[in-house]
Each structure stands twice: as C-alpha cells, then as structure tokens.
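Shown next: start-v1.cif, given as mmCIF, C-alpha atoms.
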```
data_model
loop_
_atom_site.group_PDB
_atom_site.id
_atom_site.type_symbol
_atom_site.label_atom_id
_atom_site.label_comp_id
_atom_site.auth_asym_id
_atom_site.auth_seq_id
_atom_site.Cartn_x
_atom_site.Cartn_y
_atom_site.Cartn_z
ATOM 1 C CA MET A 1 -3.002 -149.643 63.196
ATOM 2 C CA SER A 2 0.635 -150.723 62.845
ATOM 3 C CA VAL A 3 3.210 -149.342 60.439
ATOM 4 C CA VAL A 4 6.861 -150.149 59.714
ATOM 5 C CA TRP A 5 9.223 -147.180 59.544
ATOM 6 C CA ALA A 6 12.826 -146.036 59.750
ATOM 7 C CA ALA A 7 13.870 -142.431 60.222
ATOM 8 C CA THR A 8 16.483 -139.872 61.089
ATOM 9 C CA SER A 9 17.454 -139.885 64.762
ATOM 10 C CA PRO A 10 16.577 -136.549 66.388
ATOM 11 C CA GLU A 11 19.512 -136.989 68.760
ATOM 12 C CA SER A 12 22.273 -137.611 66.209
ATOM 13 C CA GLY A 13 20.703 -136.097 63.101
ATOM 14 C CA LEU A 14 21.731 -139.247 61.199
ATOM 15 C CA PHE A 15 19.468 -141.764 59.492
ATOM 16 C CA ASP A 16 18.818 -144.840 61.636
ATOM 17 C CA PRO A 17 18.037 -147.648 59.143
ATOM 18 C CA VAL A 18 16.633 -149.989 61.799
ATOM 19 C CA GLU A 19 12.977 -150.546 60.980
ATOM 20 C CA ARG A 20 10.432 -150.283 63.769
ATOM 21 C CA CYS A 21 6.958 -151.791 63.747
ATOM 22 C CA THR A 22 4.816 -149.501 65.876
ATOM 23 C CA GLU A 23 1.490 -147.760 66.025
ATOM 24 C CA VAL A 24 1.084 -144.757 63.690
ATOM 25 C CA LYS A 25 1.209 -142.466 66.756
ATOM 26 C CA ASP A 26 4.883 -143.374 67.323
ATOM 27 C CA LEU A 27 5.675 -142.465 63.717
ATOM 28 C CA SER A 28 3.794 -139.184 64.162
ATOM 29 C CA ASP A 29 5.775 -138.460 67.323
ATOM 30 C CA ARG A 30 9.060 -139.067 65.471
ATOM 31 C CA PHE A 31 7.950 -136.803 62.625
ATOM 32 C CA ASN A 32 7.080 -134.059 65.115
ATOM 33 C CA ASP A 33 10.475 -134.436 66.820
ATOM 34 C CA LEU A 34 12.223 -134.160 63.447
ATOM 35 C CA ARG A 35 10.108 -131.188 62.475
ATOM 36 C CA SER A 36 11.261 -129.469 65.668
ATOM 37 C CA CYS A 37 14.841 -130.154 64.506
ATOM 38 C CA GLY A 38 14.069 -128.556 61.133
ATOM 39 C CA GLN A 39 14.709 -131.551 58.892
ATOM 40 C CA GLY A 40 14.397 -135.299 58.553
ATOM 41 C CA TYR A 41 14.115 -138.403 56.408
ATOM 42 C CA VAL A 42 11.442 -141.075 56.958
ATOM 43 C CA GLU A 43 10.703 -144.382 55.184
ATOM 44 C CA VAL A 44 7.256 -145.951 55.730
ATOM 45 C CA ARG A 45 5.668 -149.230 54.648
ATOM 46 C CA SER A 46 2.984 -151.700 55.615
ATOM 47 C CA PRO A 47 3.989 -154.352 58.183
ATOM 48 C CA ASN A 48 2.833 -157.186 55.924
ATOM 49 C CA ARG A 49 4.360 -156.017 52.602
ATOM 50 C CA GLU A 50 7.826 -154.968 51.543
ATOM 51 C CA PHE A 51 6.413 -152.534 48.938
ATOM 52 C CA PRO A 52 5.270 -149.888 48.372
ATOM 53 C CA VAL A 53 7.576 -147.747 50.503
ATOM 54 C CA LEU A 54 6.804 -144.072 50.883
ATOM 55 C CA ILE A 55 9.755 -141.788 51.648
ATOM 56 C CA LEU A 56 9.418 -138.306 53.099
ATOM 57 C CA ALA A 57 12.468 -136.029 53.043
ATOM 58 C CA PHE A 58 12.059 -132.511 54.402
ATOM 59 C CA ARG A 59 13.887 -129.415 55.477
ATOM 60 C CA ASP A 60 12.065 -126.504 57.057
ATOM 61 C CA ASP A 61 8.703 -126.176 55.253
ATOM 62 C CA HIS A 62 9.775 -127.964 52.060
ATOM 63 C CA ALA A 63 9.369 -131.673 51.395
ATOM 64 C CA VAL A 64 10.037 -134.216 48.673
ATOM 65 C CA VAL A 65 8.073 -137.492 48.585
ATOM 66 C CA HIS A 66 9.411 -140.640 46.900
ATOM 67 C CA LEU A 67 7.508 -143.836 46.158
ATOM 68 C CA MET A 68 9.348 -147.144 45.792
ATOM 69 C CA SER A 69 6.924 -149.474 44.012
ATOM 70 C CA ASP A 70 9.414 -152.345 43.991
ATOM 71 C CA THR A 71 13.189 -152.848 44.040
ATOM 72 C CA GLU A 72 13.583 -151.332 40.575
ATOM 73 C CA ARG A 73 10.885 -148.628 40.372
ATOM 74 C CA MET A 74 11.009 -145.252 42.088
ATOM 75 C CA SER A 75 8.831 -142.208 41.489
ATOM 76 C CA LEU A 76 8.693 -138.658 42.792
ATOM 77 C CA LEU A 77 5.520 -136.850 43.747
ATOM 78 C CA ALA A 78 4.949 -133.822 41.520
ATOM 79 C CA GLY A 79 5.354 -130.469 43.241
ATOM 80 C CA ASP A 80 2.411 -128.450 44.457
ATOM 81 C CA GLY A 81 3.672 -125.002 43.454
ATOM 82 C CA THR A 82 5.312 -124.346 46.828
ATOM 83 C CA GLU A 83 8.476 -123.451 44.921
ATOM 84 C CA PRO A 84 8.856 -122.277 41.318
ATOM 85 C CA SER A 85 9.924 -124.907 38.795
ATOM 86 C CA GLY A 86 13.439 -123.486 38.405
ATOM 87 C CA ALA A 87 14.127 -123.109 42.133
ATOM 88 C CA GLU A 88 16.232 -125.680 43.977
ATOM 89 C CA VAL A 89 15.565 -126.974 47.467
ATOM 90 C CA GLU A 90 17.878 -129.217 49.475
ATOM 91 C CA VAL A 91 16.437 -131.979 51.670
ATOM 92 C CA PRO A 92 18.174 -134.830 53.488
ATOM 93 C CA ILE A 93 18.258 -138.172 51.718
ATOM 94 C CA MET A 94 19.435 -140.526 54.429
ATOM 95 C CA ASP A 95 22.517 -138.623 55.687
ATOM 96 C CA ASP A 96 23.286 -136.323 52.748
ATOM 97 C CA LEU A 97 21.562 -133.243 51.390
ATOM 98 C CA ALA A 98 20.177 -133.607 47.863
ATOM 99 C CA ALA A 99 18.856 -130.831 45.631
ATOM 100 C CA PHE A 100 15.472 -131.055 43.953
ATOM 101 C CA THR A 101 13.797 -128.555 41.651
ATOM 102 C CA GLY A 102 10.493 -126.967 42.539
ATOM 103 C CA ASP A 103 8.878 -129.505 40.187
ATOM 104 C CA PHE A 104 9.101 -132.009 43.072
ATOM 105 C CA VAL A 105 8.746 -129.814 46.167
ATOM 106 C CA VAL A 106 5.586 -129.874 48.261
ATOM 107 C CA ASP A 107 4.584 -128.099 51.451
ATOM 108 C CA ILE A 108 5.586 -130.074 54.559
ATOM 109 C CA ASP A 109 2.043 -130.108 55.965
ATOM 110 C CA ARG A 110 0.657 -131.530 52.721
ATOM 111 C CA ALA A 111 3.483 -134.076 52.579
ATOM 112 C CA TRP A 112 2.775 -135.274 56.114
ATOM 113 C CA ASP A 113 -0.954 -135.522 55.338
ATOM 114 C CA LEU A 114 -0.060 -137.743 52.373
ATOM 115 C CA VAL A 115 2.205 -139.963 54.473
ATOM 116 C CA HIS A 116 -0.424 -140.230 57.197
ATOM 117 C CA GLY A 117 -3.050 -141.122 54.581
ATOM 118 C CA PHE A 118 -0.707 -143.793 53.218
ATOM 119 C CA THR A 119 -0.446 -145.347 56.702
ATOM 120 C CA GLN A 120 -4.236 -145.700 56.722
ATOM 121 C CA THR A 121 -4.914 -146.887 53.170
ATOM 122 C CA ARG A 122 -1.581 -148.664 52.360
ATOM 123 C CA THR A 123 -1.801 -147.293 48.826
ATOM 124 C CA ALA A 124 -0.007 -144.357 47.228
ATOM 125 C CA GLY A 125 -1.933 -144.073 43.965
ATOM 126 C CA PRO A 126 -4.447 -141.426 45.007
ATOM 127 C CA LEU A 127 -1.838 -139.243 46.735
ATOM 128 C CA GLY A 128 -1.098 -137.190 43.620
ATOM 129 C CA GLU A 129 0.738 -137.230 40.322
ATOM 130 C CA TRP A 130 3.837 -139.465 40.328
ATOM 131 C CA ARG A 131 6.767 -139.097 37.937
ATOM 132 C CA GLU A 132 8.770 -142.283 37.494
ATOM 133 C CA LEU A 133 12.549 -141.953 37.666
#
```
Entire entry expressed as structure tokens:
Amino acid sequence: MSVVWAATSPESGLFDPVERCTEVKDLSDRFNDLRSCGQGYVEVRSPNREFPVLILAFRDDHAVVHLMSDTERMSLLAGDGTEPSGAEVEVPIMDDLAAFTGDFVVDIDRAWDLVHGFTQTRTAGPLGEWREL
C-alpha cells in the first residue's frame, strides 16, 4: 500500500518538505530512524487525496498528533494521560520546537500506532478525540 509523506531528515535534523510516494515500510523506516535520533516531524496523506493530512511530532517518548481536514481546519488529538494537563512538552514542528500542554500529549508508541492505522484506513475519525483549533 502506498502513502505520501514528508519528514525530518535524520542526517540534517531539519524538515525536508519534499513529499515522497512510497510503500508504508519506507515511512516506517524513516520513523524508526527519527526515533533513534530522539525526535522528528512527519506529515502523512493518501496518494490520491490532498486531505486529510496526519502530522506526528515527537521528542523522546512524547508525541503530538495534528489532523488537517482541509486548508482551513486543523485539530489536535486529545492527550492520553502520558503527561499531566498542566505540564508542557516541546516537540518539533517542522524546524522549531513548540510547547504543548499535557492535554495534547500522547505516548510515542500509541501515536505511531495511530499513524500506521491511518495509512491503512485513510481515515482519522476513529483514532481518538479531536479538538479543533
């Protein structure tokens, strides 16, 4: 199954916005390389649709998942209790670190499972509770 994605370069540590259309295994390999680096930013979508786009931003064991439904609608996946509501976690958004409260932080393994599920179903609805920005 093919997927379109763009991600942080493990070599430079900077976001490479060039989209690739590859098999899901190549995306998984990139994620694993970034996980070895300790952080990363990944955008994923279906090869035959511009939206939805699922975005995974992570640092160490903490992740934040965004959903772009269209050019004007973005949502964040509700946190899973990995961090308390008042805690702040920084994750890379493209090339900069951004702080998110525990309300939007999920465990990296759960986040990757959600992204992988999205690559199979092409839908983000059942992934969890979304909070529109």
Near region 109-126 of chain A, within 10 Å and counting all atoms listed in the file, which residues show up once chain neighbours fewer than 4 positions away are dropped, as a PyMOL selection string? chain A and resi 1-4+23-25+27-28+31+42-47+49+51-58+61-65+67-69+77+80+105+130
d(CA of Trp5 (chain A), CA of Asp29 (chain A)) in Å: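 Interatomic distance, CA of Trp5 (chain A) to CA of Asp29 (chain A): 12.2 Å.
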Need the axis-aligned box for region 85-97 of chain A with 5 Å each side, so what are the centre and edges in Å to one decimal, as AutoDock Vina command-line options?
```
--center_x 16.6 --center_y -131.8 --center_z 47.0 --size_x 23.4 --size_y 27.4 --size_z 27.3
```
Would you compute the distance between CA of Ser36 (chain A) and CA of Ala99 (chain A)? Give it in Å to one decimal.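 CA of Ala99 (chain A) lies at a distance of 21.5 Å from CA of Ser36 (chain A).
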Report, in Å with one decimal, the straight-line distance from CA of Ala98 (chain A) to CA of Pro84 (chain A).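 Separating CA of Ala98 (chain A) from CA of Pro84 (chain A) is a distance of 17.3 Å.
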Any chance you could work out the residue set of the PyMOL selection byres ((chain A and resi 39) around 9) here, as an MDAnalysis selection string? chainID A and resid 8 13 34:38 40:41 57:61 91:92
Please rebuild region 107-118 of chain A with all heavy atoms and return the result as an mmCIF file, in the frame of the given file.
```cif
data_model
loop_
_atom_site.group_PDB
_atom_site.id
_atom_site.type_symbol
_atom_site.label_atom_id
_atom_site.label_comp_id
_atom_site.auth_asym_id
_atom_site.auth_seq_id
_atom_site.Cartn_x
_atom_site.Cartn_y
_atom_site.Cartn_z
ATOM 1 N N ASP A 107 4.645 -128.655 50.109
ATOM 2 C CA ASP A 107 4.584 -128.099 51.451
ATOM 3 C C ASP A 107 4.653 -129.232 52.476
ATOM 4 O O ASP A 107 4.036 -130.290 52.286
ATOM 5 C CB ASP A 107 3.275 -127.316 51.604
ATOM 6 C CG ASP A 107 3.086 -126.806 53.004
ATOM 7 O OD1 ASP A 107 3.722 -125.797 53.360
ATOM 8 O OD2 ASP A 107 2.292 -127.438 53.752
ATOM 9 N N ILE A 108 5.382 -129.024 53.561
ATOM 10 C CA ILE A 108 5.586 -130.074 54.559
ATOM 11 C C ILE A 108 4.272 -130.560 55.164
ATOM 12 O O ILE A 108 4.102 -131.754 55.406
ATOM 13 C CB ILE A 108 6.577 -129.622 55.666
ATOM 14 C CG1 ILE A 108 6.892 -130.758 56.637
ATOM 15 C CG2 ILE A 108 6.052 -128.412 56.408
ATOM 16 C CD1 ILE A 108 7.549 -131.952 56.026
ATOM 17 N N ASP A 109 3.317 -129.669 55.391
ATOM 18 C CA ASP A 109 2.043 -130.108 55.965
ATOM 19 C C ASP A 109 1.293 -131.021 54.993
ATOM 20 O O ASP A 109 0.734 -132.048 55.397
ATOM 21 C CB ASP A 109 1.170 -128.908 56.340
ATOM 22 C CG ASP A 109 1.758 -128.123 57.503
ATOM 23 O OD1 ASP A 109 2.306 -128.743 58.430
ATOM 24 O OD2 ASP A 109 1.670 -126.882 57.478
ATOM 25 N N ARG A 110 1.303 -130.664 53.722
ATOM 26 C CA ARG A 110 0.657 -131.530 52.721
ATOM 27 C C ARG A 110 1.380 -132.875 52.637
ATOM 28 O O ARG A 110 0.749 -133.932 52.579
ATOM 29 C CB ARG A 110 0.649 -130.871 51.346
ATOM 30 C CG ARG A 110 0.045 -131.785 50.287
ATOM 31 C CD ARG A 110 -0.225 -131.095 48.974
ATOM 32 N NE ARG A 110 -0.834 -132.039 48.061
ATOM 33 C CZ ARG A 110 -0.181 -132.655 47.075
ATOM 34 N NH1 ARG A 110 1.084 -132.412 46.846
ATOM 35 N NH2 ARG A 110 -0.814 -133.508 46.290
ATOM 36 N N ALA A 111 2.705 -132.834 52.657
ATOM 37 C CA ALA A 111 3.483 -134.076 52.579
ATOM 38 C C ALA A 111 3.156 -134.994 53.755
ATOM 39 O O ALA A 111 2.957 -136.198 53.565
ATOM 40 C CB ALA A 111 4.975 -133.758 52.543
ATOM 41 N N TRP A 112 3.095 -134.435 54.953
ATOM 42 C CA TRP A 112 2.775 -135.274 56.114
ATOM 43 C C TRP A 112 1.353 -135.829 56.009
ATOM 44 O O TRP A 112 1.112 -136.986 56.344
ATOM 45 C CB TRP A 112 2.964 -134.529 57.426
ATOM 46 C CG TRP A 112 2.548 -135.405 58.566
ATOM 47 C CD1 TRP A 112 1.480 -135.247 59.379
ATOM 48 C CD2 TRP A 112 3.165 -136.651 58.953
ATOM 49 N NE1 TRP A 112 1.390 -136.294 60.253
ATOM 50 C CE2 TRP A 112 2.407 -137.173 60.018
ATOM 51 C CE3 TRP A 112 4.270 -137.358 58.501
ATOM 52 C CZ2 TRP A 112 2.739 -138.370 60.647
ATOM 53 C CZ3 TRP A 112 4.600 -138.557 59.114
ATOM 54 C CH2 TRP A 112 3.836 -139.055 60.175
ATOM 55 N N ASP A 113 0.404 -135.029 55.534
ATOM 56 C CA ASP A 113 -0.954 -135.522 55.338
ATOM 57 C C ASP A 113 -0.960 -136.713 54.378
ATOM 58 O O ASP A 113 -1.683 -137.688 54.586
ATOM 59 C CB ASP A 113 -1.875 -134.426 54.799
ATOM 60 C CG ASP A 113 -2.223 -133.376 55.844
ATOM 61 O OD1 ASP A 113 -1.997 -133.619 57.057
ATOM 62 O OD2 ASP A 113 -2.708 -132.298 55.442
ATOM 63 N N LEU A 114 -0.147 -136.641 53.333
ATOM 64 C CA LEU A 114 -0.060 -137.743 52.373
ATOM 65 C C LEU A 114 0.520 -138.994 53.016
ATOM 66 O O LEU A 114 0.026 -140.098 52.814
ATOM 67 C CB LEU A 114 0.786 -137.334 51.174
ATOM 68 C CG LEU A 114 0.226 -136.198 50.315
ATOM 69 C CD1 LEU A 114 1.237 -135.798 49.248
ATOM 70 C CD2 LEU A 114 -1.095 -136.605 49.688
ATOM 71 N N VAL A 115 1.589 -138.818 53.789
ATOM 72 C CA VAL A 115 2.205 -139.963 54.473
ATOM 73 C C VAL A 115 1.216 -140.566 55.464
ATOM 74 O O VAL A 115 1.050 -141.789 55.525
ATOM 75 C CB VAL A 115 3.522 -139.555 55.177
ATOM 76 C CG1 VAL A 115 4.044 -140.674 56.058
ATOM 77 C CG2 VAL A 115 4.573 -139.162 54.151
ATOM 78 N N HIS A 116 0.553 -139.727 56.223
ATOM 79 C CA HIS A 116 -0.424 -140.230 57.197
ATOM 80 C C HIS A 116 -1.555 -140.977 56.479
ATOM 81 O O HIS A 116 -1.984 -142.047 56.933
ATOM 82 C CB HIS A 116 -0.974 -139.089 58.049
ATOM 83 C CG HIS A 116 -1.771 -139.580 59.201
ATOM 84 N ND1 HIS A 116 -3.147 -139.671 59.157
ATOM 85 C CD2 HIS A 116 -1.391 -140.041 60.412
ATOM 86 C CE1 HIS A 116 -3.579 -140.162 60.295
ATOM 87 N NE2 HIS A 116 -2.546 -140.401 61.081
ATOM 88 N N GLY A 117 -2.030 -140.432 55.359
ATOM 89 C CA GLY A 117 -3.050 -141.122 54.581
ATOM 90 C C GLY A 117 -2.566 -142.478 54.088
ATOM 91 O O GLY A 117 -3.307 -143.462 54.109
ATOM 92 N N PHE A 118 -1.308 -142.537 53.673
ATOM 93 C CA PHE A 118 -0.707 -143.793 53.218
ATOM 94 C C PHE A 118 -0.707 -144.829 54.347
ATOM 95 O O PHE A 118 -0.957 -146.006 54.111
ATOM 96 C CB PHE A 118 0.715 -143.521 52.731
ATOM 97 C CG PHE A 118 1.491 -144.743 52.351
ATOM 98 C CD1 PHE A 118 1.264 -145.388 51.147
ATOM 99 C CD2 PHE A 118 2.478 -145.248 53.185
ATOM 100 C CE1 PHE A 118 1.993 -146.511 50.785
ATOM 101 C CE2 PHE A 118 3.215 -146.372 52.833
ATOM 102 C CZ PHE A 118 2.969 -147.000 51.635
#
```
